Structures are given as structure tokens and as C-alpha cells.
>>> print(open('model_23.cif').read())   # mmCIF, N, CA and C atoms
data_protein
loop_
_atom_site.label_atom_id
_atom_site.label_comp_id
_atom_site.auth_asym_id
_atom_site.auth_seq_id
_atom_site.Cartn_x
_atom_site.Cartn_y
_atom_site.Cartn_z
N MET A 1 108.69 74.09 94.95
CA MET A 1 109.26 73.03 94.16
C MET A 1 109.07 73.23 92.67
N GLY A 2 108.11 74.03 92.28
CA GLY A 2 107.88 74.24 90.87
C GLY A 2 108.46 75.54 90.33
N LYS A 3 109.20 76.25 91.15
CA LYS A 3 109.74 77.55 90.75
C LYS A 3 110.54 77.48 89.46
N ASN A 4 111.35 76.42 89.31
CA ASN A 4 112.21 76.30 88.13
C ASN A 4 111.43 76.16 86.83
N VAL A 5 110.16 75.78 86.92
CA VAL A 5 109.35 75.62 85.71
C VAL A 5 108.19 76.63 85.66
N GLY A 6 108.30 77.68 86.47
CA GLY A 6 107.33 78.76 86.41
C GLY A 6 106.04 78.54 87.18
N VAL A 7 106.00 77.54 88.05
CA VAL A 7 104.80 77.29 88.84
C VAL A 7 104.87 78.13 90.10
N ARG A 8 103.81 78.87 90.37
CA ARG A 8 103.71 79.66 91.59
C ARG A 8 102.42 79.26 92.30
N ALA A 9 102.47 79.22 93.61
CA ALA A 9 101.27 78.91 94.38
C ALA A 9 101.22 79.84 95.58
N PHE A 10 100.03 80.30 95.89
CA PHE A 10 99.82 81.20 97.01
C PHE A 10 98.66 80.70 97.85
N SER A 11 98.71 80.98 99.12
CA SER A 11 97.55 80.78 99.98
C SER A 11 96.96 82.15 100.22
N LEU A 12 95.65 82.20 100.32
CA LEU A 12 95.04 83.49 100.58
C LEU A 12 93.75 83.33 101.36
N HIS A 13 93.38 84.40 102.00
CA HIS A 13 92.10 84.45 102.70
C HIS A 13 91.31 85.59 102.08
N PRO A 14 90.12 85.30 101.54
CA PRO A 14 89.35 86.36 100.89
C PRO A 14 88.69 87.31 101.88
N GLY A 15 88.60 86.92 103.14
CA GLY A 15 87.91 87.75 104.13
C GLY A 15 86.51 87.22 104.38
N ALA A 16 85.85 87.80 105.34
CA ALA A 16 84.46 87.44 105.64
C ALA A 16 83.57 88.14 104.62
N ILE A 17 82.76 87.36 103.91
CA ILE A 17 82.01 87.89 102.78
C ILE A 17 80.52 87.62 102.97
N PHE A 18 79.72 88.65 102.75
CA PHE A 18 78.27 88.50 102.72
C PHE A 18 77.90 88.03 101.32
N THR A 19 77.47 86.81 101.18
CA THR A 19 77.05 86.28 99.88
C THR A 19 75.62 85.78 99.99
N PRO A 20 74.99 85.45 98.88
CA PRO A 20 73.64 84.88 98.92
C PRO A 20 73.57 83.55 99.68
N LEU A 21 74.70 82.88 99.89
CA LEU A 21 74.69 81.63 100.66
C LEU A 21 74.18 81.85 102.08
N LEU A 22 74.30 83.06 102.58
CA LEU A 22 73.86 83.34 103.95
C LEU A 22 72.35 83.15 104.11
N ARG A 23 71.62 83.14 103.03
CA ARG A 23 70.17 82.97 103.14
C ARG A 23 69.81 81.60 103.73
N PHE A 24 70.78 80.67 103.72
CA PHE A 24 70.54 79.35 104.27
C PHE A 24 70.85 79.26 105.76
N MET A 25 71.36 80.34 106.33
CA MET A 25 71.67 80.35 107.76
C MET A 25 70.39 80.58 108.57
N ALA A 26 70.36 79.96 109.73
CA ALA A 26 69.27 80.25 110.66
C ALA A 26 69.47 81.69 111.16
N HIS A 27 68.37 82.36 111.45
CA HIS A 27 68.45 83.77 111.87
C HIS A 27 69.38 83.94 113.08
N GLU A 28 69.30 83.04 114.04
CA GLU A 28 70.14 83.17 115.24
C GLU A 28 71.63 83.02 114.93
N ASP A 29 71.96 82.33 113.83
CA ASP A 29 73.36 82.18 113.45
C ASP A 29 73.98 83.50 113.00
N TYR A 30 73.15 84.42 112.54
CA TYR A 30 73.68 85.73 112.18
C TYR A 30 74.27 86.41 113.42
N GLY A 31 73.71 86.15 114.57
CA GLY A 31 74.25 86.70 115.81
C GLY A 31 75.63 86.15 116.12
N VAL A 32 75.84 84.88 115.80
CA VAL A 32 77.13 84.24 116.05
C VAL A 32 78.24 84.94 115.27
N VAL A 33 77.93 85.38 114.06
CA VAL A 33 78.94 86.06 113.23
C VAL A 33 78.83 87.59 113.35
N CYS A 34 78.16 88.05 114.41
CA CYS A 34 78.02 89.49 114.71
C CYS A 34 77.37 90.27 113.58
N ALA A 35 76.38 89.66 112.94
CA ALA A 35 75.71 90.32 111.82
C ALA A 35 74.29 90.76 112.15
N LEU A 36 73.95 90.79 113.45
CA LEU A 36 72.65 91.30 113.87
C LEU A 36 72.84 92.59 114.66
N ASN A 37 71.95 93.55 114.42
CA ASN A 37 72.03 94.78 115.21
C ASN A 37 71.30 94.57 116.54
N GLU A 38 71.23 95.61 117.35
CA GLU A 38 70.62 95.49 118.68
C GLU A 38 69.13 95.14 118.64
N GLN A 39 68.48 95.43 117.52
CA GLN A 39 67.06 95.10 117.36
C GLN A 39 66.87 93.70 116.80
N GLY A 40 67.95 92.97 116.58
CA GLY A 40 67.86 91.62 116.04
C GLY A 40 67.69 91.57 114.54
N GLU A 41 67.91 92.69 113.87
CA GLU A 41 67.81 92.75 112.41
C GLU A 41 69.18 92.50 111.79
N ILE A 42 69.18 91.95 110.59
CA ILE A 42 70.43 91.67 109.90
C ILE A 42 71.06 92.99 109.46
N LYS A 43 72.32 93.16 109.81
CA LYS A 43 73.07 94.36 109.45
C LYS A 43 73.37 94.36 107.96
N THR A 44 73.70 95.54 107.46
CA THR A 44 74.18 95.63 106.08
C THR A 44 75.61 95.05 106.05
N THR A 45 76.08 94.80 104.86
CA THR A 45 77.44 94.28 104.69
C THR A 45 78.45 95.18 105.39
N ALA A 46 78.36 96.48 105.16
CA ALA A 46 79.31 97.42 105.74
C ALA A 46 79.16 97.48 107.27
N GLU A 47 77.93 97.50 107.76
CA GLU A 47 77.71 97.55 109.21
C GLU A 47 78.30 96.33 109.91
N ALA A 48 78.22 95.17 109.27
CA ALA A 48 78.71 93.94 109.88
C ALA A 48 80.22 93.78 109.71
N GLY A 49 80.85 94.65 108.92
CA GLY A 49 82.28 94.56 108.69
C GLY A 49 82.66 93.46 107.72
N PHE A 50 81.70 93.04 106.91
CA PHE A 50 81.94 92.00 105.91
C PHE A 50 82.33 92.65 104.59
N LYS A 51 82.83 91.83 103.69
CA LYS A 51 83.17 92.27 102.35
C LYS A 51 82.06 91.89 101.38
N THR A 52 82.02 92.60 100.27
CA THR A 52 81.14 92.21 99.18
C THR A 52 81.83 91.05 98.45
N PRO A 53 81.11 90.30 97.63
CA PRO A 53 81.78 89.24 96.84
C PRO A 53 82.91 89.79 95.98
N GLU A 54 82.73 90.98 95.42
CA GLU A 54 83.78 91.57 94.59
C GLU A 54 85.03 91.89 95.43
N GLN A 55 84.83 92.42 96.62
CA GLN A 55 85.96 92.70 97.50
C GLN A 55 86.64 91.40 97.93
N GLY A 56 85.85 90.35 98.14
CA GLY A 56 86.41 89.07 98.52
C GLY A 56 87.24 88.45 97.41
N ALA A 57 86.86 88.69 96.16
CA ALA A 57 87.60 88.14 95.02
C ALA A 57 88.88 88.92 94.74
N ALA A 58 88.99 90.12 95.26
CA ALA A 58 90.10 91.00 94.92
C ALA A 58 91.47 90.39 95.22
N THR A 59 91.62 89.71 96.35
CA THR A 59 92.93 89.16 96.69
C THR A 59 93.33 88.04 95.74
N ALA A 60 92.39 87.21 95.34
CA ALA A 60 92.71 86.14 94.37
C ALA A 60 93.14 86.75 93.03
N VAL A 61 92.46 87.78 92.59
CA VAL A 61 92.82 88.44 91.34
C VAL A 61 94.19 89.11 91.50
N TRP A 62 94.42 89.73 92.64
CA TRP A 62 95.71 90.37 92.90
C TRP A 62 96.84 89.35 92.85
N CYS A 63 96.64 88.18 93.48
CA CYS A 63 97.68 87.14 93.47
C CYS A 63 97.98 86.69 92.04
N ALA A 64 96.98 86.62 91.22
CA ALA A 64 97.18 86.14 89.84
C ALA A 64 97.84 87.18 88.95
N THR A 65 97.78 88.45 89.33
CA THR A 65 98.23 89.49 88.40
C THR A 65 99.28 90.45 88.95
N SER A 66 99.54 90.43 90.23
CA SER A 66 100.42 91.45 90.82
C SER A 66 101.89 91.27 90.47
N PRO A 67 102.53 92.32 89.97
CA PRO A 67 103.97 92.26 89.73
C PRO A 67 104.75 92.09 91.04
N GLN A 68 104.15 92.47 92.15
CA GLN A 68 104.80 92.33 93.46
C GLN A 68 105.09 90.85 93.78
N LEU A 69 104.34 89.94 93.18
CA LEU A 69 104.51 88.51 93.45
C LEU A 69 105.34 87.81 92.37
N GLU A 70 105.83 88.56 91.40
CA GLU A 70 106.63 87.97 90.33
C GLU A 70 107.84 87.23 90.91
N GLY A 71 107.99 85.97 90.51
CA GLY A 71 109.12 85.17 90.99
C GLY A 71 108.98 84.68 92.42
N ARG A 72 107.82 84.91 93.02
CA ARG A 72 107.59 84.48 94.39
C ARG A 72 106.49 83.44 94.41
N GLY A 73 106.49 82.66 95.42
CA GLY A 73 105.45 81.67 95.65
C GLY A 73 105.50 81.24 97.10
N GLY A 74 104.49 80.54 97.53
CA GLY A 74 104.47 80.03 98.89
C GLY A 74 104.24 81.08 99.95
N VAL A 75 103.67 82.22 99.56
CA VAL A 75 103.37 83.24 100.56
C VAL A 75 101.87 83.24 100.84
N TYR A 76 101.50 83.83 101.96
CA TYR A 76 100.10 83.93 102.37
C TYR A 76 99.66 85.36 102.14
N CYS A 77 98.51 85.53 101.47
CA CYS A 77 98.04 86.86 101.11
C CYS A 77 96.65 87.12 101.68
N GLU A 78 96.44 88.38 101.95
CA GLU A 78 95.17 88.83 102.53
C GLU A 78 95.03 90.31 102.21
N ASP A 79 93.85 90.75 101.87
CA ASP A 79 93.60 92.16 101.57
C ASP A 79 94.59 92.72 100.55
N CYS A 80 94.83 91.96 99.49
CA CYS A 80 95.71 92.37 98.38
C CYS A 80 97.11 92.72 98.84
N ASP A 81 97.66 91.88 99.72
CA ASP A 81 99.02 92.09 100.20
C ASP A 81 99.55 90.79 100.76
N ILE A 82 100.86 90.70 100.87
CA ILE A 82 101.50 89.56 101.53
C ILE A 82 101.38 89.80 103.03
N VAL A 83 100.98 88.76 103.75
CA VAL A 83 100.73 88.90 105.18
C VAL A 83 101.89 88.35 105.98
N THR A 84 102.14 88.98 107.10
CA THR A 84 103.18 88.53 108.00
C THR A 84 102.60 87.57 109.03
N LEU A 85 103.46 86.98 109.82
CA LEU A 85 103.03 86.05 110.86
C LEU A 85 102.17 86.76 111.90
N LYS A 86 101.22 86.01 112.45
CA LYS A 86 100.41 86.53 113.54
C LYS A 86 101.29 86.61 114.78
N ILE A 87 101.19 87.70 115.46
CA ILE A 87 101.92 87.86 116.72
C ILE A 87 101.05 87.38 117.87
N GLU A 88 99.79 87.76 117.82
CA GLU A 88 98.85 87.40 118.88
C GLU A 88 97.96 86.25 118.41
N LYS A 89 97.72 85.31 119.30
CA LYS A 89 96.92 84.12 118.98
C LYS A 89 95.53 84.48 118.46
N ASP A 90 94.90 85.50 119.03
CA ASP A 90 93.53 85.85 118.66
C ASP A 90 93.45 86.91 117.57
N ALA A 91 94.57 87.25 116.95
CA ALA A 91 94.56 88.27 115.90
C ALA A 91 93.67 87.80 114.74
N LEU A 92 92.94 88.73 114.16
CA LEU A 92 92.04 88.39 113.06
C LEU A 92 92.75 88.30 111.72
N HIS A 93 93.91 88.91 111.61
CA HIS A 93 94.62 88.92 110.34
C HIS A 93 96.02 88.34 110.52
N GLY A 94 96.56 87.86 109.44
CA GLY A 94 97.89 87.30 109.48
C GLY A 94 97.84 85.79 109.38
N VAL A 95 99.00 85.17 109.42
CA VAL A 95 99.11 83.73 109.24
C VAL A 95 99.80 83.12 110.45
N MET A 96 99.32 81.97 110.86
CA MET A 96 99.92 81.27 112.00
C MET A 96 101.25 80.65 111.57
N PRO A 97 102.24 80.59 112.46
CA PRO A 97 103.55 80.04 112.10
C PRO A 97 103.51 78.63 111.53
N TRP A 98 102.62 77.78 112.03
CA TRP A 98 102.56 76.40 111.54
C TRP A 98 102.10 76.32 110.09
N ALA A 99 101.44 77.38 109.61
CA ALA A 99 100.93 77.36 108.24
C ALA A 99 102.02 77.67 107.21
N VAL A 100 103.17 78.14 107.65
CA VAL A 100 104.26 78.45 106.72
C VAL A 100 105.53 77.69 107.09
N ASP A 101 105.35 76.56 107.76
CA ASP A 101 106.48 75.74 108.18
C ASP A 101 107.01 74.93 107.00
N ALA A 102 108.25 75.15 106.62
CA ALA A 102 108.84 74.51 105.44
C ALA A 102 108.90 72.98 105.59
N GLU A 103 109.21 72.49 106.76
CA GLU A 103 109.29 71.04 106.96
C GLU A 103 107.92 70.38 106.77
N SER A 104 106.88 71.00 107.33
CA SER A 104 105.52 70.48 107.15
C SER A 104 105.10 70.52 105.68
N ALA A 105 105.48 71.58 104.99
CA ALA A 105 105.14 71.70 103.57
C ALA A 105 105.79 70.59 102.77
N HIS A 106 107.04 70.30 103.08
CA HIS A 106 107.75 69.24 102.37
C HIS A 106 107.08 67.88 102.63
N LYS A 107 106.70 67.62 103.88
CA LYS A 107 106.02 66.36 104.22
C LYS A 107 104.69 66.25 103.47
N LEU A 108 103.95 67.35 103.42
CA LEU A 108 102.66 67.34 102.70
C LEU A 108 102.88 67.09 101.21
N TRP A 109 103.91 67.69 100.65
CA TRP A 109 104.22 67.49 99.23
C TRP A 109 104.48 66.01 98.96
N LYS A 110 105.34 65.41 99.79
CA LYS A 110 105.69 64.00 99.61
C LYS A 110 104.46 63.10 99.79
N LEU A 111 103.63 63.38 100.80
CA LEU A 111 102.42 62.60 101.01
C LEU A 111 101.49 62.74 99.81
N SER A 112 101.36 63.94 99.26
CA SER A 112 100.52 64.16 98.09
C SER A 112 101.01 63.35 96.90
N GLU A 113 102.33 63.28 96.73
CA GLU A 113 102.88 62.47 95.65
C GLU A 113 102.54 61.00 95.86
N GLN A 114 102.65 60.54 97.10
CA GLN A 114 102.35 59.13 97.39
C GLN A 114 100.87 58.82 97.14
N LEU A 115 100.00 59.69 97.60
CA LEU A 115 98.56 59.45 97.47
C LEU A 115 98.07 59.54 96.02
N THR A 116 98.68 60.41 95.25
CA THR A 116 98.22 60.59 93.87
C THR A 116 99.00 59.74 92.87
N GLY A 117 100.17 59.28 93.27
CA GLY A 117 101.02 58.54 92.34
C GLY A 117 101.70 59.44 91.32
N VAL A 118 101.62 60.74 91.52
CA VAL A 118 102.23 61.70 90.60
C VAL A 118 103.41 62.35 91.31
N THR A 119 104.57 62.28 90.69
CA THR A 119 105.74 62.95 91.25
C THR A 119 106.13 64.11 90.35
N PHE A 120 106.72 65.07 90.95
CA PHE A 120 107.10 66.27 90.21
C PHE A 120 108.53 66.59 90.58
N ASN A 121 109.41 66.46 89.61
CA ASN A 121 110.81 66.81 89.83
C ASN A 121 111.14 67.91 88.82
N PRO A 122 111.17 69.16 89.29
CA PRO A 122 111.41 70.26 88.35
C PRO A 122 112.74 70.18 87.64
N ASP A 123 113.71 69.46 88.20
CA ASP A 123 115.01 69.33 87.55
C ASP A 123 114.93 68.48 86.30
N GLU A 124 113.88 67.66 86.18
CA GLU A 124 113.73 66.78 85.02
C GLU A 124 112.82 67.37 83.95
N SER A 125 112.28 68.54 84.22
CA SER A 125 111.33 69.15 83.27
C SER A 125 112.04 69.81 82.12
#
>>> encode(input="model_23.cif", output="C-alpha cells")
Amino acid sequence: MGKNVGVRAFSLHPGAIFTPLLRFMAHEDYGVVCALNEQGEIKTTAEAGFKTPEQGAATAVWCATSPQLEGRGGVYCEDCDIVTLKIEKDALHGVMPWAVDAESAHKLWKLSEQLTGVTFNPDES
């Protein structure tokens, strides 16, 4: 809705990231996220298949600066790329069809306008 006035918005997933926040997790919770080795020790970031904070930030920076996204908006990005729909329900990457449903997006936009009292009509800008 904001394309005519240069507004772009993207959804993105930074990935699973090992950050210092994990220090607040109970040790057994590391097992839930597959971050314990067979000896019950916490794996390294690479061993656990997690990203570093810098790697996690990369997609957000890419969305803000990539010429590939020029004139585009409303896409879902992951791993510094535009992601396609998930084919399999349990797939780890991709976007579910309901997350890119145009009718739902329009309803959410209208509800947001009602709740905030702010309307945005790009034709009047």
C-alpha cells in the first residue's frame, strides 16, 4: 500500500542464533534445541547448526540494502534471499502460504488502521 510513496516492507527470518541470551536457558533446554552433544555438553555454534549474531543480522542488512529488492516489498526473506513457499509442512526453510495471503494482509492493514486511528492512503500523499 505504500509503494507509491516509496515505502517498502519485508518479513524475514534471521535463523537460529546462538546469542548470550542462551545463558538464561536451563541446561536441559539446550537438548530441546539440539545444542547438546552425546556427552551432554553444549555444542559450539557451528556444531549445533546455529548462526552467529552477525550471520543472523545479515538478512536484515541485505533487505535494507539489496538492489535485488529495489521496487519490491511484501516478500519474505531468509539467508539473504527471497524465499519461496514451503512445499512440505515440516520444512525448516521457506514461508507458509497463509503468511503471504493478500486478503489476510488487507484485513490486517484495515484492522491496524482501526486500532491505531491512523489511515494511510498513498493516493493522497
>>> residues_around(input="model_23.cif", residues="range 45-55 of chain A", least_positions_apart="4", cutoff="7 Å", atoms="only N, CA and C atoms", output="ChimeraX atom specification")
/A:14-19,34-36,59
>>> select_by_dssp(input="model_23.cif", residues="range 19-86 of chain A", states="alpha helix (DSSP H)", output="list in words")
His27, Glu28, Asp29, Tyr30, Gly31, Val32, Thr45, Ala46, Glu47, Ala48, Pro53, Glu54, Gln55, Gly56, Ala57, Ala58, Thr59, Ala60, Val61, Trp62, Cys63, Ala64 and Thr65 of chain A
>>> atom_distance(input="model_23.cif", atom1="atom C of Ala9 in chain A", atom2="atom C of Asp81 in chain A")
12.2 Å
>>> closest_atom_pairs(input="model_23.cif", of="range 14-83 of chain A", to="range 96-112 of chain A", cutoff="8 Å", atoms="all atoms listed in the file", output="Markdown table")
| residue | atom | partner | partner_atom | distance |
| --- | --- | --- | --- | --- |
| A:Gly74 | C | A:Val100 | CA | 7.3 |
| A:Val75 | CA | A:Val100 | CA | 7.9 |
| A:Tyr76 | N | A:Val100 | CA | 7.7 |
>>> select_by_dssp(input="model_23.cif", residues="chain A", states="strand (DSSP E)", output="PDB file with N, CA and C atoms, in the frame of the given file")
ATOM      1  N   SER A  11      98.710  80.980  99.120  1.00  0.00           N
ATOM      2  CA  SER A  11      97.550  80.780  99.980  1.00  0.00           C
ATOM      3  C   SER A  11      96.960  82.150 100.220  1.00  0.00           C
ATOM      4  N   LEU A  12      95.650  82.200 100.320  1.00  0.00           N
ATOM      5  CA  LEU A  12      95.040  83.490 100.580  1.00  0.00           C
ATOM      6  C   LEU A  12      93.750  83.330 101.360  1.00  0.00           C
ATOM      7  N   HIS A  13      93.380  84.400 102.000  1.00  0.00           N
ATOM      8  CA  HIS A  13      92.100  84.450 102.700  1.00  0.00           C
ATOM      9  C   HIS A  13      91.310  85.590 102.080  1.00  0.00           C
ATOM     10  N   TYR A  76     101.500  83.830 101.960  1.00  0.00           N
ATOM     11  CA  TYR A  76     100.100  83.930 102.370  1.00  0.00           C
ATOM     12  C   TYR A  76      99.660  85.360 102.140  1.00  0.00           C
ATOM     13  N   CYS A  77      98.510  85.530 101.470  1.00  0.00           N
ATOM     14  CA  CYS A  77      98.040  86.860 101.110  1.00  0.00           C
ATOM     15  C   CYS A  77      96.650  87.120 101.680  1.00  0.00           C
ATOM     16  N   GLU A  78      96.440  88.380 101.950  1.00  0.00           N
ATOM     17  CA  GLU A  78      95.170  88.830 102.530  1.00  0.00           C
ATOM     18  C   GLU A  78      95.030  90.310 102.210  1.00  0.00           C
TER      19      GLU A  78
END
>>> atom_distance(input="model_23.cif", atom1="atom N of Phe120 in chain A", atom2="atom N of Arg72 in chain A")
20.0 Å
>>> atom_distance(input="model_23.cif", atom1="atom C of Gly94 in chain A", atom2="atom C of Asp29 in chain A")
24.2 Å
>>> closest_residue(input="model_23.cif", among="A:Leu12, A:Val83, A:Glu28, A:Glu70", to="Ala57 in chain A", atoms="only C-alpha atoms")
A:Leu12
>>> build_atoms(input="model_23.cif", residues="range 33-44 of chain A", atoms="all heavy atoms", output="PDB file, in the frame of the given file")
ATOM      1  N   VAL A  33      77.930  85.380 114.060  1.00  0.00           N
ATOM      2  CA  VAL A  33      78.940  86.060 113.230  1.00  0.00           C
ATOM      3  C   VAL A  33      78.830  87.590 113.350  1.00  0.00           C
ATOM      4  O   VAL A  33      79.340  88.323 112.509  1.00  0.00           O
ATOM      5  CB  VAL A  33      78.863  85.610 111.746  1.00  0.00           C
ATOM      6  CG1 VAL A  33      79.195  84.139 111.614  1.00  0.00           C
ATOM      7  CG2 VAL A  33      77.510  85.935 111.135  1.00  0.00           C
ATOM      8  N   CYS A  34      78.160  88.050 114.410  1.00  0.00           N
ATOM      9  CA  CYS A  34      78.020  89.490 114.710  1.00  0.00           C
ATOM     10  C   CYS A  34      77.370  90.270 113.580  1.00  0.00           C
ATOM     11  O   CYS A  34      77.762  91.393 113.262  1.00  0.00           O
ATOM     12  CB  CYS A  34      79.387  90.095 115.050  1.00  0.00           C
ATOM     13  SG  CYS A  34      80.180  89.296 116.450  1.00  0.00           S
ATOM     14  N   ALA A  35      76.380  89.660 112.940  1.00  0.00           N
ATOM     15  CA  ALA A  35      75.710  90.320 111.820  1.00  0.00           C
ATOM     16  C   ALA A  35      74.290  90.760 112.150  1.00  0.00           C
ATOM     17  O   ALA A  35      73.512  91.076 111.268  1.00  0.00           O
ATOM     18  CB  ALA A  35      75.697  89.391 110.607  1.00  0.00           C
ATOM     19  N   LEU A  36      73.950  90.790 113.450  1.00  0.00           N
ATOM     20  CA  LEU A  36      72.650  91.300 113.870  1.00  0.00           C
ATOM     21  C   LEU A  36      72.840  92.590 114.660  1.00  0.00           C
ATOM     22  O   LEU A  36      73.771  92.700 115.467  1.00  0.00           O
ATOM     23  CB  LEU A  36      71.922  90.286 114.767  1.00  0.00           C
ATOM     24  CG  LEU A  36      71.470  88.978 114.122  1.00  0.00           C
ATOM     25  CD1 LEU A  36      70.810  88.076 115.164  1.00  0.00           C
ATOM     26  CD2 LEU A  36      70.518  89.239 112.963  1.00  0.00           C
ATOM     27  N   ASN A  37      71.950  93.550 114.420  1.00  0.00           N
ATOM     28  CA  ASN A  37      72.030  94.780 115.210  1.00  0.00           C
ATOM     29  C   ASN A  37      71.300  94.570 116.540  1.00  0.00           C
ATOM     30  O   ASN A  37      70.819  93.463 116.833  1.00  0.00           O
ATOM     31  CB  ASN A  37      71.485  95.979 114.423  1.00  0.00           C
ATOM     32  CG  ASN A  37      70.000  95.851 114.102  1.00  0.00           C
ATOM     33  OD1 ASN A  37      69.254  95.101 114.747  1.00  0.00           O
ATOM     34  ND2 ASN A  37      69.561  96.586 113.090  1.00  0.00           N
ATOM     35  N   GLU A  38      71.230  95.610 117.350  1.00  0.00           N
ATOM     36  CA  GLU A  38      70.620  95.490 118.680  1.00  0.00           C
ATOM     37  C   GLU A  38      69.130  95.140 118.640  1.00  0.00           C
ATOM     38  O   GLU A  38      68.593  94.604 119.590  1.00  0.00           O
ATOM     39  CB  GLU A  38      70.855  96.785 119.463  1.00  0.00           C
ATOM     40  CG  GLU A  38      72.314  96.939 119.848  1.00  0.00           C
ATOM     41  CD  GLU A  38      72.726  98.388 120.017  1.00  0.00           C
ATOM     42  OE1 GLU A  38      71.870  99.279 119.954  1.00  0.00           O
ATOM     43  OE2 GLU A  38      73.937  98.608 120.186  1.00  0.00           O
ATOM     44  N   GLN A  39      68.480  95.430 117.520  1.00  0.00           N
ATOM     45  CA  GLN A  39      67.060  95.100 117.360  1.00  0.00           C
ATOM     46  C   GLN A  39      66.870  93.700 116.800  1.00  0.00           C
ATOM     47  O   GLN A  39      65.737  93.268 116.575  1.00  0.00           O
ATOM     48  CB  GLN A  39      66.373  96.123 116.438  1.00  0.00           C
ATOM     49  CG  GLN A  39      66.258  97.526 117.005  1.00  0.00           C
ATOM     50  CD  GLN A  39      67.575  98.285 116.968  1.00  0.00           C
ATOM     51  OE1 GLN A  39      68.373  98.119 116.044  1.00  0.00           O
ATOM     52  NE2 GLN A  39      67.806  99.109 117.978  1.00  0.00           N
ATOM     53  N   GLY A  40      67.950  92.970 116.580  1.00  0.00           N
ATOM     54  CA  GLY A  40      67.860  91.620 116.040  1.00  0.00           C
ATOM     55  C   GLY A  40      67.690  91.570 114.540  1.00  0.00           C
ATOM     56  O   GLY A  40      67.384  90.524 113.967  1.00  0.00           O
ATOM     57  N   GLU A  41      67.910  92.690 113.870  1.00  0.00           N
ATOM     58  CA  GLU A  41      67.810  92.750 112.410  1.00  0.00           C
ATOM     59  C   GLU A  41      69.180  92.500 111.790  1.00  0.00           C
ATOM     60  O   GLU A  41      70.211  92.823 112.392  1.00  0.00           O
ATOM     61  CB  GLU A  41      67.300  94.136 111.975  1.00  0.00           C
ATOM     62  CG  GLU A  41      65.942  94.484 112.560  1.00  0.00           C
ATOM     63  CD  GLU A  41      65.643  95.979 112.477  1.00  0.00           C
ATOM     64  OE1 GLU A  41      66.597  96.787 112.397  1.00  0.00           O
ATOM     65  OE2 GLU A  41      64.456  96.321 112.499  1.00  0.00           O
ATOM     66  N   ILE A  42      69.180  91.950 110.590  1.00  0.00           N
ATOM     67  CA  ILE A  42      70.430  91.670 109.900  1.00  0.00           C
ATOM     68  C   ILE A  42      71.060  92.990 109.460  1.00  0.00           C
ATOM     69  O   ILE A  42      70.417  93.831 108.834  1.00  0.00           O
ATOM     70  CB  ILE A  42      70.199  90.742 108.691  1.00  0.00           C
ATOM     71  CG1 ILE A  42      69.644  89.401 109.171  1.00  0.00           C
ATOM     72  CG2 ILE A  42      71.496  90.540 107.908  1.00  0.00           C
ATOM     73  CD1 ILE A  42      69.195  88.483 108.060  1.00  0.00           C
ATOM     74  N   LYS A  43      72.320  93.160 109.810  1.00  0.00           N
ATOM     75  CA  LYS A  43      73.070  94.360 109.450  1.00  0.00           C
ATOM     76  C   LYS A  43      73.370  94.360 107.960  1.00  0.00           C
ATOM     77  O   LYS A  43      73.346  93.333 107.297  1.00  0.00           O
ATOM     78  CB  LYS A  43      74.414  94.396 110.197  1.00  0.00           C
ATOM     79  CG  LYS A  43      74.303  94.520 111.693  1.00  0.00           C
ATOM     80  CD  LYS A  43      75.708  94.501 112.300  1.00  0.00           C
ATOM     81  CE  LYS A  43      75.689  94.563 113.801  1.00  0.00           C
ATOM     82  NZ  LYS A  43      77.069  94.499 114.361  1.00  0.00           N
ATOM     83  N   THR A  44      73.700  95.540 107.460  1.00  0.00           N
ATOM     84  CA  THR A  44      74.180  95.630 106.080  1.00  0.00           C
ATOM     85  C   THR A  44      75.610  95.050 106.050  1.00  0.00           C
ATOM     86  O   THR A  44      76.247  94.868 107.091  1.00  0.00           O
ATOM     87  CB  THR A  44      74.234  97.090 105.587  1.00  0.00           C
ATOM     88  OG1 THR A  44      75.215  97.789 106.351  1.00  0.00           O
ATOM     89  CG2 THR A  44      72.877  97.766 105.713  1.00  0.00           C
TER      90      THR A  44
END
